[in-house]
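Q: What follows is data_21.cif, mmCIF, N, CA and C atoms.
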data_entry
#
loop_
_atom_site.label_atom_id
_atom_site.label_comp_id
_atom_site.auth_asym_id
_atom_site.auth_seq_id
_atom_site.Cartn_x
_atom_site.Cartn_y
_atom_site.Cartn_z
N MET P 15 77.99 100.43 74.82
CA MET P 15 78.34 101.80 75.15
C MET P 15 77.46 102.80 74.40
N VAL P 16 77.14 102.49 73.15
CA VAL P 16 76.27 103.39 72.38
C VAL P 16 74.92 103.50 73.06
N ASP P 17 74.45 102.40 73.65
CA ASP P 17 73.18 102.43 74.37
C ASP P 17 73.23 103.41 75.54
N ARG P 18 74.37 103.49 76.18
CA ARG P 18 74.52 104.43 77.29
C ARG P 18 74.43 105.87 76.81
N VAL P 19 75.09 106.16 75.71
CA VAL P 19 75.03 107.52 75.14
C VAL P 19 73.59 107.88 74.81
N GLU P 20 72.88 106.96 74.20
CA GLU P 20 71.49 107.22 73.84
C GLU P 20 70.62 107.38 75.09
N ARG P 21 70.88 106.59 76.11
CA ARG P 21 70.12 106.71 77.36
C ARG P 21 70.38 108.05 78.04
N ILE P 22 71.64 108.48 78.07
CA ILE P 22 71.97 109.80 78.62
C ILE P 22 71.23 110.88 77.84
N ARG P 23 71.25 110.78 76.53
CA ARG P 23 70.56 111.74 75.67
C ARG P 23 69.05 111.78 75.98
N GLU P 24 68.45 110.62 76.12
CA GLU P 24 67.01 110.53 76.43
C GLU P 24 66.68 111.17 77.78
N LEU P 25 67.47 110.86 78.78
CA LEU P 25 67.22 111.38 80.13
C LEU P 25 67.36 112.90 80.18
N LEU P 26 68.42 113.42 79.55
CA LEU P 26 68.63 114.87 79.56
C LEU P 26 67.57 115.59 78.73
N SER P 27 67.17 115.00 77.62
CA SER P 27 66.12 115.61 76.80
C SER P 27 64.81 115.69 77.57
N ALA P 28 64.46 114.63 78.24
CA ALA P 28 63.21 114.60 79.00
C ALA P 28 63.22 115.59 80.16
N ALA P 29 64.33 115.70 80.84
CA ALA P 29 64.40 116.54 82.04
C ALA P 29 64.60 118.02 81.74
N LEU P 30 65.35 118.33 80.66
CA LEU P 30 65.78 119.71 80.47
C LEU P 30 65.36 120.34 79.13
N SER P 31 64.70 119.61 78.29
CA SER P 31 64.24 120.13 76.99
C SER P 31 65.29 121.02 76.31
N PRO P 32 66.47 120.49 76.06
CA PRO P 32 67.53 121.32 75.52
C PRO P 32 67.31 121.71 74.05
N SER P 33 67.85 122.88 73.68
CA SER P 33 67.85 123.28 72.28
C SER P 33 69.08 122.72 71.58
N VAL P 34 70.12 122.45 72.36
CA VAL P 34 71.35 121.81 71.87
C VAL P 34 71.72 120.72 72.87
N LEU P 35 72.03 119.55 72.35
CA LEU P 35 72.47 118.46 73.21
C LEU P 35 73.47 117.60 72.45
N GLU P 36 74.69 117.60 72.95
CA GLU P 36 75.74 116.75 72.38
C GLU P 36 76.25 115.85 73.49
N VAL P 37 76.28 114.56 73.22
CA VAL P 37 76.77 113.58 74.20
C VAL P 37 77.86 112.76 73.53
N GLY P 38 79.01 112.72 74.16
CA GLY P 38 80.12 111.94 73.61
C GLY P 38 80.66 110.95 74.62
N ASP P 39 81.20 109.87 74.10
CA ASP P 39 81.79 108.82 74.93
C ASP P 39 83.31 108.91 74.83
N ASP P 40 83.95 109.29 75.93
CA ASP P 40 85.40 109.40 75.98
C ASP P 40 86.04 108.24 76.73
N SER P 41 85.31 107.17 76.92
CA SER P 41 85.80 106.04 77.72
C SER P 41 87.11 105.48 77.18
N HIS P 42 87.25 105.46 75.86
CA HIS P 42 88.46 104.90 75.26
C HIS P 42 89.72 105.69 75.65
N LEU P 43 89.55 106.94 76.03
CA LEU P 43 90.69 107.77 76.45
C LEU P 43 91.15 107.45 77.87
N HIS P 44 90.35 106.67 78.58
CA HIS P 44 90.62 106.37 79.99
C HIS P 44 90.82 104.88 80.24
N ALA P 45 91.17 104.14 79.20
CA ALA P 45 91.41 102.70 79.36
C ALA P 45 92.51 102.49 80.40
N GLY P 46 92.28 101.58 81.31
CA GLY P 46 93.24 101.30 82.37
C GLY P 46 93.04 102.16 83.61
N HIS P 47 92.20 103.16 83.52
CA HIS P 47 91.88 104.04 84.66
C HIS P 47 91.08 103.23 85.67
N ALA P 48 91.26 103.50 86.93
CA ALA P 48 90.58 102.73 87.98
C ALA P 48 89.07 102.73 87.80
N GLY P 49 88.50 103.85 87.39
CA GLY P 49 87.06 103.93 87.18
C GLY P 49 86.59 103.06 86.04
N ALA P 50 87.45 102.87 85.05
CA ALA P 50 87.08 102.04 83.90
C ALA P 50 86.92 100.58 84.33
N ALA P 51 87.66 100.17 85.34
CA ALA P 51 87.58 98.79 85.82
C ALA P 51 86.21 98.46 86.40
N SER P 52 85.53 99.47 86.91
CA SER P 52 84.21 99.24 87.51
C SER P 52 83.12 99.09 86.45
N GLY P 53 83.46 99.38 85.21
CA GLY P 53 82.48 99.27 84.13
C GLY P 53 81.81 100.58 83.78
N GLY P 54 82.00 101.60 84.59
CA GLY P 54 81.43 102.91 84.30
C GLY P 54 82.25 103.62 83.25
N GLY P 55 81.57 104.38 82.39
CA GLY P 55 82.25 105.08 81.31
C GLY P 55 82.49 106.54 81.62
N HIS P 56 83.30 107.16 80.78
CA HIS P 56 83.59 108.59 80.83
C HIS P 56 82.85 109.27 79.69
N TYR P 57 82.00 110.22 80.01
CA TYR P 57 81.18 110.88 79.00
C TYR P 57 81.32 112.38 79.10
N ARG P 58 81.04 113.05 77.98
CA ARG P 58 81.01 114.51 77.97
C ARG P 58 79.68 114.96 77.41
N VAL P 59 79.18 116.05 77.97
CA VAL P 59 77.87 116.57 77.58
C VAL P 59 77.99 118.08 77.35
N LYS P 60 77.47 118.53 76.23
CA LYS P 60 77.25 119.96 76.01
C LYS P 60 75.75 120.12 75.88
N ILE P 61 75.19 120.96 76.74
CA ILE P 61 73.75 121.12 76.78
C ILE P 61 73.39 122.60 76.91
N VAL P 62 72.44 123.02 76.09
CA VAL P 62 71.92 124.38 76.13
C VAL P 62 70.44 124.26 76.45
N SER P 63 70.03 124.89 77.55
CA SER P 63 68.64 124.78 77.98
C SER P 63 68.18 126.09 78.62
N GLU P 64 66.94 126.45 78.35
CA GLU P 64 66.35 127.62 79.00
C GLU P 64 66.28 127.44 80.51
N ARG P 65 66.26 126.20 80.96
CA ARG P 65 66.22 125.91 82.41
C ARG P 65 67.45 126.46 83.13
N PHE P 66 68.53 126.74 82.39
CA PHE P 66 69.77 127.22 82.99
C PHE P 66 69.82 128.74 83.14
N GLU P 67 68.87 129.45 82.53
CA GLU P 67 68.87 130.92 82.62
C GLU P 67 68.83 131.35 84.08
N GLY P 68 69.76 132.21 84.45
CA GLY P 68 69.78 132.77 85.80
C GLY P 68 70.36 131.85 86.86
N LEU P 69 70.79 130.65 86.48
CA LEU P 69 71.34 129.71 87.46
C LEU P 69 72.86 129.73 87.44
N ARG P 70 73.45 129.57 88.61
CA ARG P 70 74.90 129.44 88.71
C ARG P 70 75.31 128.06 88.19
N LEU P 71 76.59 127.96 87.85
CA LEU P 71 77.12 126.73 87.26
C LEU P 71 76.82 125.51 88.12
N VAL P 72 77.00 125.63 89.43
CA VAL P 72 76.79 124.48 90.31
C VAL P 72 75.34 123.99 90.24
N MET P 73 74.39 124.89 90.12
CA MET P 73 72.98 124.50 90.02
C MET P 73 72.68 123.87 88.66
N ARG P 74 73.31 124.36 87.62
CA ARG P 74 73.14 123.75 86.28
C ARG P 74 73.65 122.31 86.30
N HIS P 75 74.82 122.13 86.89
CA HIS P 75 75.39 120.77 86.97
C HIS P 75 74.50 119.87 87.81
N ARG P 76 73.92 120.42 88.87
CA ARG P 76 73.03 119.63 89.72
C ARG P 76 71.84 119.14 88.91
N LEU P 77 71.27 119.99 88.06
CA LEU P 77 70.14 119.58 87.22
C LEU P 77 70.54 118.45 86.27
N VAL P 78 71.74 118.55 85.71
CA VAL P 78 72.22 117.50 84.80
C VAL P 78 72.43 116.20 85.58
N TYR P 79 73.11 116.27 86.71
CA TYR P 79 73.34 115.07 87.52
C TYR P 79 72.03 114.46 88.01
N ASP P 80 71.09 115.30 88.39
CA ASP P 80 69.78 114.79 88.82
C ASP P 80 69.10 114.00 87.69
N ALA P 81 69.25 114.48 86.47
CA ALA P 81 68.61 113.82 85.33
C ALA P 81 69.18 112.43 85.05
N VAL P 82 70.49 112.26 85.28
CA VAL P 82 71.14 110.98 84.99
C VAL P 82 71.48 110.20 86.27
N GLN P 83 70.90 110.59 87.36
CA GLN P 83 71.22 110.02 88.67
C GLN P 83 71.17 108.49 88.68
N GLY P 84 70.22 107.91 88.01
CA GLY P 84 70.09 106.45 87.99
C GLY P 84 71.24 105.74 87.29
N MET P 85 72.02 106.48 86.51
CA MET P 85 73.15 105.89 85.79
C MET P 85 74.49 106.13 86.49
N MET P 86 74.48 107.04 87.45
CA MET P 86 75.74 107.38 88.13
C MET P 86 76.24 106.20 88.97
N HIS P 87 77.54 106.03 88.97
CA HIS P 87 78.24 105.01 89.76
C HIS P 87 78.01 103.59 89.25
N SER P 88 77.27 103.44 88.16
CA SER P 88 77.15 102.11 87.54
C SER P 88 77.52 102.25 86.07
N ASP P 89 76.75 103.00 85.32
CA ASP P 89 77.03 103.20 83.90
C ASP P 89 77.96 104.38 83.65
N ILE P 90 77.90 105.38 84.52
CA ILE P 90 78.71 106.59 84.36
C ILE P 90 79.70 106.68 85.51
N HIS P 91 80.98 106.73 85.17
CA HIS P 91 82.01 106.96 86.18
C HIS P 91 82.34 108.45 86.25
N ALA P 92 82.42 109.09 85.08
CA ALA P 92 82.76 110.51 85.03
C ALA P 92 81.92 111.20 83.96
N LEU P 93 81.54 112.44 84.24
CA LEU P 93 80.71 113.20 83.32
C LEU P 93 81.24 114.63 83.26
N ALA P 94 81.78 115.01 82.11
CA ALA P 94 82.25 116.38 81.88
C ALA P 94 81.08 117.16 81.30
N ILE P 95 80.73 118.28 81.94
CA ILE P 95 79.52 119.01 81.59
C ILE P 95 79.84 120.43 81.15
N THR P 96 79.29 120.80 80.00
CA THR P 96 79.24 122.20 79.56
C THR P 96 77.76 122.52 79.50
N ALA P 97 77.29 123.37 80.41
CA ALA P 97 75.87 123.69 80.54
C ALA P 97 75.69 125.19 80.32
N LEU P 98 74.97 125.53 79.26
CA LEU P 98 74.79 126.93 78.89
C LEU P 98 73.32 127.30 78.80
N ALA P 99 73.03 128.56 79.08
CA ALA P 99 71.71 129.11 78.80
C ALA P 99 71.73 129.59 77.35
N PRO P 100 70.58 129.66 76.69
CA PRO P 100 70.55 130.12 75.30
C PRO P 100 71.21 131.48 75.10
N SER P 101 71.10 132.36 76.06
CA SER P 101 71.69 133.69 75.95
C SER P 101 73.22 133.67 75.98
N GLU P 102 73.80 132.56 76.40
CA GLU P 102 75.27 132.43 76.49
C GLU P 102 75.87 131.68 75.31
N GLN P 103 75.06 131.13 74.49
CA GLN P 103 75.53 130.32 73.37
C GLN P 103 76.17 131.20 72.32
N SER P 104 77.33 130.79 71.86
CA SER P 104 78.01 131.57 70.82
C SER P 104 77.84 130.96 69.46
#
Turn this file's structure into structure tokens for me.
A:
Amino acid sequence: MVDRVERIRELLSAALSPSVLEVGDDSHLHAGHAGAASGGGHYRVKIVSERFEGLRLVMRHRLVYDAVQGMMHSDIHALAITALAPSEQS
């Protein structure tokens, strides 16, 4: 599972050059969930990137999903995303 977190981190870093990137594994909170049975994990991401400036939330999420697309439906069952532009960071 740690390898998955690191892989998510690598993919997002390469695609979005974030100034802040936090990736967490919440899979243990979903034990017994139908998605957990498939082997995919539940992850959360907080990412701050200049690429998000001027983009609506749905487009920011699309960029994140595009970056990890190869892991979706196999390694990742669910991904909670907080995507901010630097100007929105508190």
Q: Tell me which of P:Val19, P:Leu98, P:Val59, P:Leu35 sits closest to Tyr79 in chain P, counting only C-alpha atoms.
A: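 Nearest to Tyr79 in chain P: P:Val59.
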Q: For this file, the PyMOL selection byres (((chain P and resi 22 and name CA) around 12) and name CA) selects which residues, as a PyMOL selection string?
A: chain P and resi 15-21+23-30+35-39+55-61+78-86+89-90+93
Q: Can you tell me how far CA of Val62 in chain P sits from atom C of Ala92 in chain P, in Å to one decimal?
A: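 Between CA of Val62 in chain P and atom C of Ala92 in chain P the gap works out to 18.3 Å.
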Q: Around range 86-96 of chain P, with edges along x, y and z and 4 Å added on all six sides, what centre and edge lengths do you get, in Å to one decimal, as lines of an AutoDock Vina configuration file?
A:
center_x = 78.6
center_y = 112.3
center_z = 84.6
size_x = 16.3
size_y = 28.4
size_z = 18.3
Q: Could you check how far atom N of Met73 in chain P sits from CA of Ser31 in chain P, in Å to one decimal?
A: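 It comes out at 17.3 Å.
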